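Colleague: Take this structure first; my questions come after.
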Amino acid sequence: MTDPSPLFETYARADIAFDRGEGAWIIDTKGERYLDFGGGIAVSALGHAHPHLVATLREQAERLWHTSNLYEIPDQTRLAQRLVDATFADKVFFTNSGAEALECAIKTARRYHYVKGHPERWRILSFEGAFHGRTIATIAAGGQKKYLEGFGPKADGFDQIPFGDHEALKKAVTEETAAILIEPVQGEGGIRSVPPQCLRGLRDLCDKHGILLIFDEVQCGMGRTGKLFAHEWAGITPDIMALAKALGGGFPIGACLATGEAASGMEPGVHGTTYGGNPLAMAVGNAVLDIMLEDGFLEGVRDKANRLKQGLASIADRFPAVIEEVRGEGLMLGLKCVVPNTALVKELYANHMLTVPAGDNVVRILPPLTSTDEDIAAALERLEAAAAKLSVEAA
Ligand SMILES: *Cc1c(COP(=O)(O)O)cnc(C)c1O
């Protein structure tokens with residue numbers, strides 16, 4: 001590491017750099033192999049260097065990278081149509097990141113009420129422990145003090161409700177409420193799933209009051225839970241949904257999806273992006289969908305998830321002084337720790353396995369959706385070794 005670093009000091013980075021990847025494995029600059037079950041925070045859903053993504057990117061790189069949204073982008077229309085065909089949505093806006101997808105979702109919800117003659121309906125209800133990004137609006141939507149501090153007054157128009165408090169939620173709905181914003185499975189907040197009946201309850205509440213329901217599936221979407229989208233488990237749909245992370249498989253892509261009705265305020269000129277949905281990004285996004293929409297892909301995710309979750313549960317049973325609980329859906333799993341979560345992340349790292357800490361003292365396990373049986377076995381081996389070591393130290 002260079003010292004002092006020319007970079008903003010916003011990250012306490014681990015002293016390691018990676019050189020290349022192969023599937024679930026990532027190789028550092030010294031040639032050491034690590035099992036990547038963090039996926040760069042749920043991004044590398046098809047593992048590293050997936051041959052179809054590499055071939056697509058290469059081919060597109062030689063043809064055309066960028067044109068701007070002043071012109072038709074056939075691959076953008078195609079990816080939008082495929083997302084529409086696979087979901088509740090009628091309309092898509094592409095961005096470069098999750099936070100921008102959320103910004104679009106927030107603007108779409110406010111504009112909807114505005115063009116319906118209700119400019120006073122602009123407030124958005126969100127939940128404690130939520131994470132929606134790091135822009136000025138999305139830190140207000142997330143409502144977490146640690147991300148808001150020092151950036152001036154919190155952007156107005158966002159009200160937080162305690163996670164799982166139905167009464168507080170009902171009371172928080174007013175004549176000014178435009179939308180309810182929620183992650184069907186909280187990621188940064190500690191892999192906290194919203195029970196399907198609660199998602200259905202939210203849908204009912206929104207319908208009753210003419211409020212838009214926004215799902216942030218930036219982390220839990222794109223096959224992660226064993227369905228293409230996490231809300232599908234609840235059998236209901238939102239009006240607006242934000243996507244990113246796995247959508248580009250490592251290429252920065254975000255998207256805001258909406259029903260035609262919810263998107264009715266997004267008229268020509270009211271929103272825009274220079275890079276969003278450019279030809280290079282859209283080629284890769286389509287390639288990701290080629291794989292995820294293949295017959296049997298999601299079934300495979302569910303099979304692997306069952307095996308991994310059982311293995312984790314058995315490790316948690318054997319080392320209760322280290323792991324208290326296994327939580328999450330599909331291949332979006334969390335280990336609620338007894339020891340500090342960072343201690344387990346560190347010990348796994350020493351065992352050449354990458355994971356990601358989350359809130360609520362949880363370690364996130366976010367394997368590629370393409371992990372093999374051998375990869376899962378390797379992960380369980382490393383987890384067992386790490387838990388055994390920490391268990392001895394905790395005794
Ligand atoms: C990562 C994340 C975001 C923000 O995405 P960025 O690409 O970092 O802007 C928003 N919502 C959720 C649920 C996320 O996990």
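Starting from 1 in every chain, residues are counted up; chains themselves are A, B, ... following the order of the structure tokens, and ligands are numbered from 1 as listed.
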Give me the chain A side of the contact with ligand 1, cut-off 9 Å, one line per residue showing its nearest atom pair and distance in Å at one decimal, counting only C-alpha atoms and all ligand atoms, sorted by chain and residue number, as JSON lines.

Modeller:
```
{"residue": "A:Ile41", "atom": "CA", "partner": "ligand 1", "partner_atom_place_in_ligand_line": "1 (C)", "distance": 7.4}
{"residue": "A:Ala42", "atom": "CA", "partner": "ligand 1", "partner_atom_place_in_ligand_line": "15 (O)", "distance": 8.0}
{"residue": "A:Val43", "atom": "CA", "partner": "ligand 1", "partner_atom_place_in_ligand_line": "1 (C)", "distance": 8.9}
{"residue": "A:Asn96", "atom": "CA", "partner": "ligand 1", "partner_atom_place_in_ligand_line": "7 (O)", "distance": 7.4}
{"residue": "A:Ser97", "atom": "CA", "partner": "ligand 1", "partner_atom_place_in_ligand_line": "7 (O)", "distance": 3.8}
{"residue": "A:Gly98", "atom": "CA", "partner": "ligand 1", "partner_atom_place_in_ligand_line": "5 (O)", "distance": 3.3}
{"residue": "A:Ala99", "atom": "CA", "partner": "ligand 1", "partner_atom_place_in_ligand_line": "9 (O)", "distance": 3.6}
{"residue": "A:Glu100", "atom": "CA", "partner": "ligand 1", "partner_atom_place_in_ligand_line": "9 (O)", "distance": 6.3}
{"residue": "A:Ala101", "atom": "CA", "partner": "ligand 1", "partner_atom_place_in_ligand_line": "9 (O)", "distance": 7.9}
{"residue": "A:Leu102", "atom": "CA", "partner": "ligand 1", "partner_atom_place_in_ligand_line": "10 (C)", "distance": 6.9}
{"residue": "A:Ala130", "atom": "CA", "partner": "ligand 1", "partner_atom_place_in_ligand_line": "13 (C)", "distance": 7.4}
{"residue": "A:Phe131", "atom": "CA", "partner": "ligand 1", "partner_atom_place_in_ligand_line": "11 (N)", "distance": 5.3}
{"residue": "A:His132", "atom": "CA", "partner": "ligand 1", "partner_atom_place_in_ligand_line": "10 (C)", "distance": 3.7}
{"residue": "A:Gly133", "atom": "CA", "partner": "ligand 1", "partner_atom_place_in_ligand_line": "4 (C)", "distance": 3.8}
{"residue": "A:Arg134", "atom": "CA", "partner": "ligand 1", "partner_atom_place_in_ligand_line": "9 (O)", "distance": 6.4}
{"residue": "A:Thr135", "atom": "CA", "partner": "ligand 1", "partner_atom_place_in_ligand_line": "9 (O)", "distance": 7.8}
{"residue": "A:Thr138", "atom": "CA", "partner": "ligand 1", "partner_atom_place_in_ligand_line": "10 (C)", "distance": 8.0}
{"residue": "A:Gly142", "atom": "CA", "partner": "ligand 1", "partner_atom_place_in_ligand_line": "11 (N)", "distance": 8.8}
{"residue": "A:Ile182", "atom": "CA", "partner": "ligand 1", "partner_atom_place_in_ligand_line": "13 (C)", "distance": 8.6}
{"residue": "A:Glu183", "atom": "CA", "partner": "ligand 1", "partner_atom_place_in_ligand_line": "13 (C)", "distance": 6.0}
{"residue": "A:Pro184", "atom": "CA", "partner": "ligand 1", "partner_atom_place_in_ligand_line": "13 (C)", "distance": 8.9}
{"residue": "A:Val185", "atom": "CA", "partner": "ligand 1", "partner_atom_place_in_ligand_line": "13 (C)", "distance": 8.1}
{"residue": "A:Gln186", "atom": "CA", "partner": "ligand 1", "partner_atom_place_in_ligand_line": "13 (C)", "distance": 6.5}
{"residue": "A:Gly187", "atom": "CA", "partner": "ligand 1", "partner_atom_place_in_ligand_line": "15 (O)", "distance": 5.5}
{"residue": "A:Glu188", "atom": "CA", "partner": "ligand 1", "partner_atom_place_in_ligand_line": "15 (O)", "distance": 6.2}
{"residue": "A:Gly189", "atom": "CA", "partner": "ligand 1", "partner_atom_place_in_ligand_line": "13 (C)", "distance": 8.9}
{"residue": "A:Asp216", "atom": "CA", "partner": "ligand 1", "partner_atom_place_in_ligand_line": "13 (C)", "distance": 5.5}
{"residue": "A:Glu217", "atom": "CA", "partner": "ligand 1", "partner_atom_place_in_ligand_line": "13 (C)", "distance": 6.0}
{"residue": "A:Val218", "atom": "CA", "partner": "ligand 1", "partner_atom_place_in_ligand_line": "12 (C)", "distance": 4.7}
{"residue": "A:Gln219", "atom": "CA", "partner": "ligand 1", "partner_atom_place_in_ligand_line": "15 (O)", "distance": 4.3}
{"residue": "A:Cys220", "atom": "CA", "partner": "ligand 1", "partner_atom_place_in_ligand_line": "13 (C)", "distance": 7.1}
{"residue": "A:Ala242", "atom": "CA", "partner": "ligand 1", "partner_atom_place_in_ligand_line": "11 (N)", "distance": 7.8}
{"residue": "A:Leu243", "atom": "CA", "partner": "ligand 1", "partner_atom_place_in_ligand_line": "11 (N)", "distance": 8.1}
{"residue": "A:Ala244", "atom": "CA", "partner": "ligand 1", "partner_atom_place_in_ligand_line": "7 (O)", "distance": 6.3}
{"residue": "A:Lys245", "atom": "CA", "partner": "ligand 1", "partner_atom_place_in_ligand_line": "7 (O)", "distance": 6.3}
{"residue": "A:Pro252", "atom": "CA", "partner": "ligand 1", "partner_atom_place_in_ligand_line": "7 (O)", "distance": 7.6}
{"residue": "A:Ile253", "atom": "CA", "partner": "ligand 1", "partner_atom_place_in_ligand_line": "7 (O)", "distance": 8.1}
{"residue": "A:Gly254", "atom": "CA", "partner": "ligand 1", "partner_atom_place_in_ligand_line": "7 (O)", "distance": 7.2}
```

Colleague: With N, CA and C atoms retained, export the selected residues as a CSV table (one decimal), in the first residue's frame.

Modeller:
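Written out: selection-v7.csv:
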```
chain,number,residue,atom,x,y,z
A,41,ILE,N,-19.7,-7.6,-2.7
A,41,ILE,CA,-21.0,-7.2,-2.1
A,41,ILE,C,-22.2,-7.5,-3.1
A,42,ALA,N,-22.3,-8.8,-3.3
A,42,ALA,CA,-23.5,-9.3,-4.0
A,42,ALA,C,-23.6,-8.9,-5.5
A,43,VAL,N,-22.4,-8.5,-6.0
A,43,VAL,CA,-22.4,-8.0,-7.4
A,43,VAL,C,-22.0,-9.2,-8.4
A,96,ASN,N,-26.4,3.9,-13.4
A,96,ASN,CA,-25.0,3.3,-13.3
A,96,ASN,C,-24.8,2.8,-11.9
A,97,SER,N,-25.7,2.9,-11.0
A,97,SER,CA,-25.5,2.5,-9.6
A,97,SER,C,-26.9,2.3,-8.9
A,98,GLY,N,-26.8,1.6,-7.7
A,98,GLY,CA,-28.0,1.4,-7.0
A,98,GLY,C,-28.6,2.7,-6.5
A,99,ALA,N,-27.7,3.6,-5.9
A,99,ALA,CA,-28.2,4.9,-5.4
A,99,ALA,C,-29.0,5.7,-6.4
A,100,GLU,N,-28.4,5.7,-7.7
A,100,GLU,CA,-29.1,6.4,-8.7
A,100,GLU,C,-30.4,5.7,-9.1
A,101,ALA,N,-30.5,4.4,-9.0
A,101,ALA,CA,-31.8,3.7,-9.3
A,101,ALA,C,-32.8,4.1,-8.2
A,102,LEU,N,-32.3,4.3,-7.0
A,102,LEU,CA,-33.2,4.7,-5.9
A,102,LEU,C,-33.6,6.2,-6.1
A,130,ALA,N,-32.4,0.2,7.2
A,130,ALA,CA,-32.4,0.2,5.8
A,130,ALA,C,-31.1,0.8,5.2
A,131,PHE,N,-30.8,0.4,4.0
A,131,PHE,CA,-29.7,1.0,3.3
A,131,PHE,C,-30.2,1.2,1.9
A,132,HIS,N,-30.1,2.5,1.4
A,132,HIS,CA,-30.5,2.7,0.0
A,132,HIS,C,-29.5,3.5,-0.8
A,133,GLY,N,-28.3,3.7,-0.2
A,133,GLY,CA,-27.2,4.3,-1.0
A,133,GLY,C,-26.6,5.5,-0.2
A,134,ARG,N,-25.7,6.2,-0.9
A,134,ARG,CA,-24.9,7.3,-0.2
A,134,ARG,C,-25.1,8.7,-0.8
A,135,THR,N,-26.1,8.8,-1.6
A,135,THR,CA,-26.3,10.2,-2.1
A,135,THR,C,-27.1,11.0,-1.0
A,138,THR,N,-30.5,9.5,-0.7
A,138,THR,CA,-30.6,8.1,-0.2
A,138,THR,C,-30.1,7.9,1.2
A,142,GLY,N,-32.4,6.1,4.0
A,142,GLY,CA,-31.9,5.1,4.8
A,142,GLY,C,-32.0,5.5,6.3
A,182,ILE,N,-39.0,-0.1,0.8
A,182,ILE,CA,-38.5,-1.2,1.7
A,182,ILE,C,-37.6,-2.2,0.9
A,183,GLU,N,-36.6,-2.7,1.5
A,183,GLU,CA,-35.8,-3.9,1.0
A,183,GLU,C,-36.6,-5.1,1.4
A,184,PRO,N,-37.0,-6.0,0.5
A,184,PRO,CA,-37.7,-7.2,0.9
A,184,PRO,C,-36.8,-8.1,1.8
A,185,VAL,N,-35.5,-8.0,1.6
A,185,VAL,CA,-34.5,-8.6,2.5
A,185,VAL,C,-33.4,-7.5,2.7
A,186,GLN,N,-33.3,-7.0,3.9
A,186,GLN,CA,-32.3,-6.0,4.2
A,186,GLN,C,-30.9,-6.6,4.1
A,187,GLY,N,-30.1,-5.9,3.3
A,187,GLY,CA,-28.7,-6.4,3.1
A,187,GLY,C,-27.8,-5.9,4.2
A,188,GLU,N,-27.4,-4.6,4.0
A,188,GLU,CA,-26.5,-3.9,4.9
A,188,GLU,C,-27.0,-4.0,6.4
A,189,GLY,N,-28.3,-4.0,6.5
A,189,GLY,CA,-28.9,-4.0,7.9
A,189,GLY,C,-28.7,-5.3,8.6
A,216,ASP,N,-36.7,-1.9,-2.9
A,216,ASP,CA,-35.3,-1.8,-3.2
A,216,ASP,C,-34.7,-3.2,-3.2
A,217,GLU,N,-34.6,-3.7,-4.5
A,217,GLU,CA,-34.0,-5.1,-4.7
A,217,GLU,C,-32.6,-5.0,-5.2
A,218,VAL,N,-31.9,-3.9,-4.9
A,218,VAL,CA,-30.6,-3.7,-5.4
A,218,VAL,C,-29.7,-4.9,-5.0
A,219,GLN,N,-29.9,-5.3,-3.7
A,219,GLN,CA,-29.1,-6.5,-3.2
A,219,GLN,C,-29.8,-7.8,-3.3
A,220,CYS,N,-31.1,-7.8,-3.0
A,220,CYS,CA,-31.8,-9.1,-2.9
A,220,CYS,C,-32.3,-9.6,-4.2
A,242,ALA,N,-36.1,-0.8,-7.5
A,242,ALA,CA,-34.8,-0.4,-7.9
A,242,ALA,C,-33.9,-1.6,-7.9
A,243,LEU,N,-33.1,-1.7,-9.0
A,243,LEU,CA,-32.1,-2.8,-9.1
A,243,LEU,C,-30.7,-2.3,-9.4
A,244,ALA,N,-29.7,-3.1,-9.1
A,244,ALA,CA,-28.3,-2.8,-9.5
A,244,ALA,C,-27.5,-4.0,-9.2
A,245,LYS,N,-26.4,-3.8,-8.5
A,245,LYS,CA,-25.5,-4.9,-8.1
A,245,LYS,C,-25.5,-6.1,-9.1
A,252,PRO,N,-21.0,-1.8,-13.9
A,252,PRO,CA,-21.9,-0.9,-13.1
A,252,PRO,C,-23.2,-0.6,-13.9
A,253,ILE,N,-24.3,-1.2,-13.4
A,253,ILE,CA,-25.6,-1.0,-14.0
A,253,ILE,C,-26.6,-0.9,-12.9
A,254,GLY,N,-27.5,0.0,-13.0
A,254,GLY,CA,-28.6,0.1,-12.1
A,254,GLY,C,-29.9,0.3,-13.0
```

Colleague: Contacts of A:Gly21 at 7 Å or less, counting only C-alpha atoms, minus same-chain residues fewer than 4 places along, as a list in words?

Modeller: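 Skipping anything fewer than 4 positions along the chain leaves Trp25, Ile26, Ile27, His48 and Ala49 of chain A.
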
Colleague: Just asking: which residues within stretch 54-167 of chain A are strand (DSSP E or B) according to DSSP, as a list in words?

Modeller: Lys91, Val92, Phe93, Phe94, Thr95, Arg123, Ile124, Leu125, Ser126, Phe127, Phe158, Asp159, Gln160 and Ile161 of chain A

Colleague: Dump N, CA and C atoms for the selected residues as a JSON list (two decimals), in the first residue's frame?

Modeller:
```
[["chain", "number", "residue", "atom", "x", "y", "z"],
["A", 91, "LYS", "N", -42.18, -0.19, -17.55],
["A", 91, "LYS", "CA", -41.23, 0.85, -17.93],
["A", 91, "LYS", "C", -39.93, 0.70, -17.14],
["A", 92, "VAL", "N", -38.80, 1.05, -17.78],
["A", 92, "VAL", "CA", -37.49, 0.92, -17.14],
["A", 92, "VAL", "C", -36.65, 2.17, -17.42],
["A", 93, "PHE", "N", -35.92, 2.63, -16.41],
["A", 93, "PHE", "CA", -34.92, 3.68, -16.59],
["A", 93, "PHE", "C", -33.58, 3.12, -16.10],
["A", 94, "PHE", "N", -32.55, 3.16, -16.94],
["A", 94, "PHE", "CA", -31.25, 2.60, -16.55],
["A", 94, "PHE", "C", -30.33, 3.65, -15.95],
["A", 95, "THR", "N", -29.59, 3.22, -14.94],
["A", 95, "THR", "CA", -28.64, 4.09, -14.24],
["A", 95, "THR", "C", -27.30, 3.35, -14.15],
["A", 123, "ARG", "N", -43.84, 12.74, 0.73],
["A", 123, "ARG", "CA", -43.02, 12.12, 1.77],
["A", 123, "ARG", "C", -42.94, 10.61, 1.56],
["A", 124, "ILE", "N", -41.82, 10.04, 1.95],
["A", 124, "ILE", "CA", -41.60, 8.61, 1.76],
["A", 124, "ILE", "C", -41.28, 7.95, 3.09],
["A", 125, "LEU", "N", -41.98, 6.85, 3.37],
["A", 125, "LEU", "CA", -41.73, 6.11, 4.61],
["A", 125, "LEU", "C", -40.72, 5.00, 4.33],
["A", 126, "SER", "N", -39.73, 4.90, 5.21],
["A", 126, "SER", "CA", -38.75, 3.82, 5.06],
["A", 126, "SER", "C", -38.49, 3.22, 6.44],
["A", 127, "PHE", "N", -37.57, 2.26, 6.51],
["A", 127, "PHE", "CA", -37.47, 1.45, 7.72],
["A", 127, "PHE", "C", -36.09, 1.53, 8.35],
["A", 158, "PHE", "N", -38.40, 12.21, 4.28],
["A", 158, "PHE", "CA", -38.22, 10.78, 4.58],
["A", 158, "PHE", "C", -38.47, 10.54, 6.06],
["A", 159, "ASP", "N", -39.32, 9.57, 6.35],
["A", 159, "ASP", "CA", -39.66, 9.25, 7.75],
["A", 159, "ASP", "C", -39.38, 7.78, 8.00],
["A", 160, "GLN", "N", -38.59, 7.51, 9.06],
["A", 160, "GLN", "CA", -38.24, 6.12, 9.38],
["A", 160, "GLN", "C", -39.20, 5.49, 10.36],
["A", 161, "ILE", "N", -39.46, 4.22, 10.13],
["A", 161, "ILE", "CA", -40.32, 3.44, 11.02],
["A", 161, "ILE", "C", -39.51, 2.27, 11.55]]
```

Colleague: Give me the residues within 9 Å of A:Lys154 as a compact mmCIF listing (two decimals) with C-alpha atoms, in the first residue's frame, counting only C-alpha atoms and dropping any in the same chain fewer than 6 places off.

Modeller:
```txt
# COMPACT_ATOMS: atom_id res chain seq x y z
CA ILE A 136 -27.89 13.08 -0.15
CA ALA A 137 -31.42 11.76 -0.78
CA ILE A 139 -28.85 8.64 3.09
CA ALA A 140 -32.01 10.44 4.20
CA GLY A 143 -32.04 7.29 7.89
CA LEU A 148 -26.06 11.33 7.78
```

Colleague: Please provide the set of residues having any atom within 12 Å of A:Glu32, restricted to only C-alpha atoms, with same-chain residues fewer than 5 positions apart removed, written as a list in words.

Modeller: Ile16, Ala17, Phe18, Asp19, Arg20, Gly21, Trp25, Ile26, Ile27, Tyr349, Ala350, Asn351, His352 and Met353 of chain A

Colleague: Neighbouring residues of stretch 195-209 of chain A were defined as those with any atom within 7 Å, considering only C-alpha atoms; residues of the same chain fewer than 6 positions away were excluded. Please report them as a list of chain:residue names.

Modeller: A:Trp233, A:Ala234, A:Ile236

Colleague: Emit the selected residues as an mmCIF file, in the first residue's frame, including N, CA and C atoms.

Modeller:
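The resulting selection-v5.cif:
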```cif
data_model
loop_
_atom_site.group_PDB
_atom_site.id
_atom_site.type_symbol
_atom_site.label_atom_id
_atom_site.label_comp_id
_atom_site.auth_asym_id
_atom_site.auth_seq_id
_atom_site.Cartn_x
_atom_site.Cartn_y
_atom_site.Cartn_z
ATOM 1 N N TRP A 233 -41.529 -14.282 -3.730
ATOM 2 C CA TRP A 233 -41.868 -15.254 -2.673
ATOM 3 C C TRP A 233 -43.163 -14.863 -1.968
ATOM 4 N N ALA A 234 -43.486 -13.563 -1.940
ATOM 5 C CA ALA A 234 -44.681 -13.098 -1.221
ATOM 6 C C ALA A 234 -45.914 -13.062 -2.121
ATOM 7 N N ILE A 236 -46.782 -10.862 -4.280
ATOM 8 C CA ILE A 236 -47.292 -9.518 -4.575
ATOM 9 C C ILE A 236 -46.243 -8.763 -5.394
#
```

Colleague: Which residues, written as number ranges by chain, have at least one atom at most 8 Å from stretch 303-319 of chain A, with only C-alpha atoms counted and residues fewer than 2 positions away on the same chain left out?

Modeller: A: 226, 299-301, 321-326, 329-331, 333, 371, 373, 376, 380, 383-384, 387-388, 391

Colleague: Emit the selected residues as a CSV table (one decimal), in the first residue's frame, including C-alpha atoms.

Modeller:
```
chain,number,residue,atom,x,y,z
A,226,GLY,CA,-33.8,-18.3,-5.6
A,299,GLU,CA,-33.9,-24.0,-9.5
A,300,GLY,CA,-30.1,-24.6,-9.3
A,301,VAL,CA,-29.8,-21.6,-7.0
A,321,ALA,CA,-20.3,-19.7,21.2
A,322,VAL,CA,-19.4,-18.2,17.7
A,323,ILE,CA,-22.6,-18.3,15.7
A,324,GLU,CA,-26.1,-17.7,17.1
A,325,GLU,CA,-28.3,-18.0,14.0
A,326,VAL,CA,-28.3,-18.6,10.3
A,329,GLU,CA,-33.1,-16.5,1.8
A,330,GLY,CA,-31.5,-18.5,-1.0
A,331,LEU,CA,-27.8,-17.5,-1.5
A,333,LEU,CA,-27.3,-15.7,3.9
A,371,SER,CA,-21.1,-21.8,-7.3
A,373,ASP,CA,-20.8,-28.3,-5.2
A,376,ILE,CA,-19.9,-24.9,-1.4
A,380,LEU,CA,-18.2,-25.1,4.6
A,383,LEU,CA,-16.3,-21.9,7.9
A,384,GLU,CA,-16.0,-24.9,10.1
A,387,ALA,CA,-15.7,-21.3,13.8
A,388,ALA,CA,-13.6,-24.0,15.6
A,391,SER,CA,-14.8,-21.3,19.6
```

Colleague: What are the closest atom pairs, with distances in Å to one decimal, for each residue of stretch 103-199 of chain A lying within 8 Å of stretch 259-282 of chain A, using only C-alpha atoms, rows by chain and rising residue number, as JSON lines?

Modeller:
```
{"residue": "A:Cys104", "atom": "CA", "partner": "A:His271", "partner_atom": "CA", "distance": 7.9}
{"residue": "A:Thr108", "atom": "CA", "partner": "A:Ala263", "partner_atom": "CA", "distance": 6.0}
{"residue": "A:Ala109", "atom": "CA", "partner": "A:Ala262", "partner_atom": "CA", "distance": 6.8}
{"residue": "A:Arg111", "atom": "CA", "partner": "A:Gly265", "partner_atom": "CA", "distance": 4.9}
{"residue": "A:Tyr112", "atom": "CA", "partner": "A:Gly265", "partner_atom": "CA", "distance": 4.7}
{"residue": "A:His113", "atom": "CA", "partner": "A:Gly265", "partner_atom": "CA", "distance": 7.9}
{"residue": "A:Tyr114", "atom": "CA", "partner": "A:Gly265", "partner_atom": "CA", "distance": 7.4}
{"residue": "A:Val115", "atom": "CA", "partner": "A:Gly265", "partner_atom": "CA", "distance": 5.7}
```

Colleague: Keeping only N, CA and C atoms, write the selected residues to a file as a JSON list (two decimals), in the first residue's frame.

Modeller:
```json
[["chain", "number", "residue", "atom", "x", "y", "z"],
["A", 104, "CYS", "N", -34.03, 7.66, -8.84],
["A", 104, "CYS", "CA", -35.05, 7.63, -9.89],
["A", 104, "CYS", "C", -36.38, 7.15, -9.30],
["A", 108, "THR", "N", -39.68, 9.31, -9.30],
["A", 108, "THR", "CA", -40.84, 8.76, -10.00],
["A", 108, "THR", "C", -42.08, 8.80, -9.10],
["A", 109, "ALA", "N", -41.90, 8.42, -7.84],
["A", 109, "ALA", "CA", -43.03, 8.39, -6.89],
["A", 109, "ALA", "C", -43.56, 9.80, -6.64],
["A", 111, "ARG", "N", -43.22, 12.49, -8.58],
["A", 111, "ARG", "CA", -43.81, 13.02, -9.81],
["A", 111, "ARG", "C", -45.19, 12.43, -10.08],
["A", 112, "TYR", "N", -45.37, 11.16, -9.72],
["A", 112, "TYR", "CA", -46.66, 10.50, -9.93],
["A", 112, "TYR", "C", -47.76, 11.29, -9.24],
["A", 113, "HIS", "N", -47.55, 11.59, -7.96],
["A", 113, "HIS", "CA", -48.58, 12.32, -7.22],
["A", 113, "HIS", "C", -48.70, 13.76, -7.73],
["A", 114, "TYR", "N", -47.57, 14.32, -8.12],
["A", 114, "TYR", "CA", -47.58, 15.70, -8.65],
["A", 114, "TYR", "C", -48.48, 15.81, -9.89],
["A", 115, "VAL", "N", -48.28, 14.88, -10.84],
["A", 115, "VAL", "CA", -49.10, 15.00, -12.07],
["A", 115, "VAL", "C", -50.55, 14.57, -11.82]]
```

Colleague: I need the residue nearest A:Met292 from this list: A:Leu213, A:Met222, A:Ala343, A:Ala12. Use only C-alpha atoms for the distance.

Modeller: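 Nearest candidate to A:Met292 out of A:Leu213, A:Met222, A:Ala343, A:Ala12: A:Met222.
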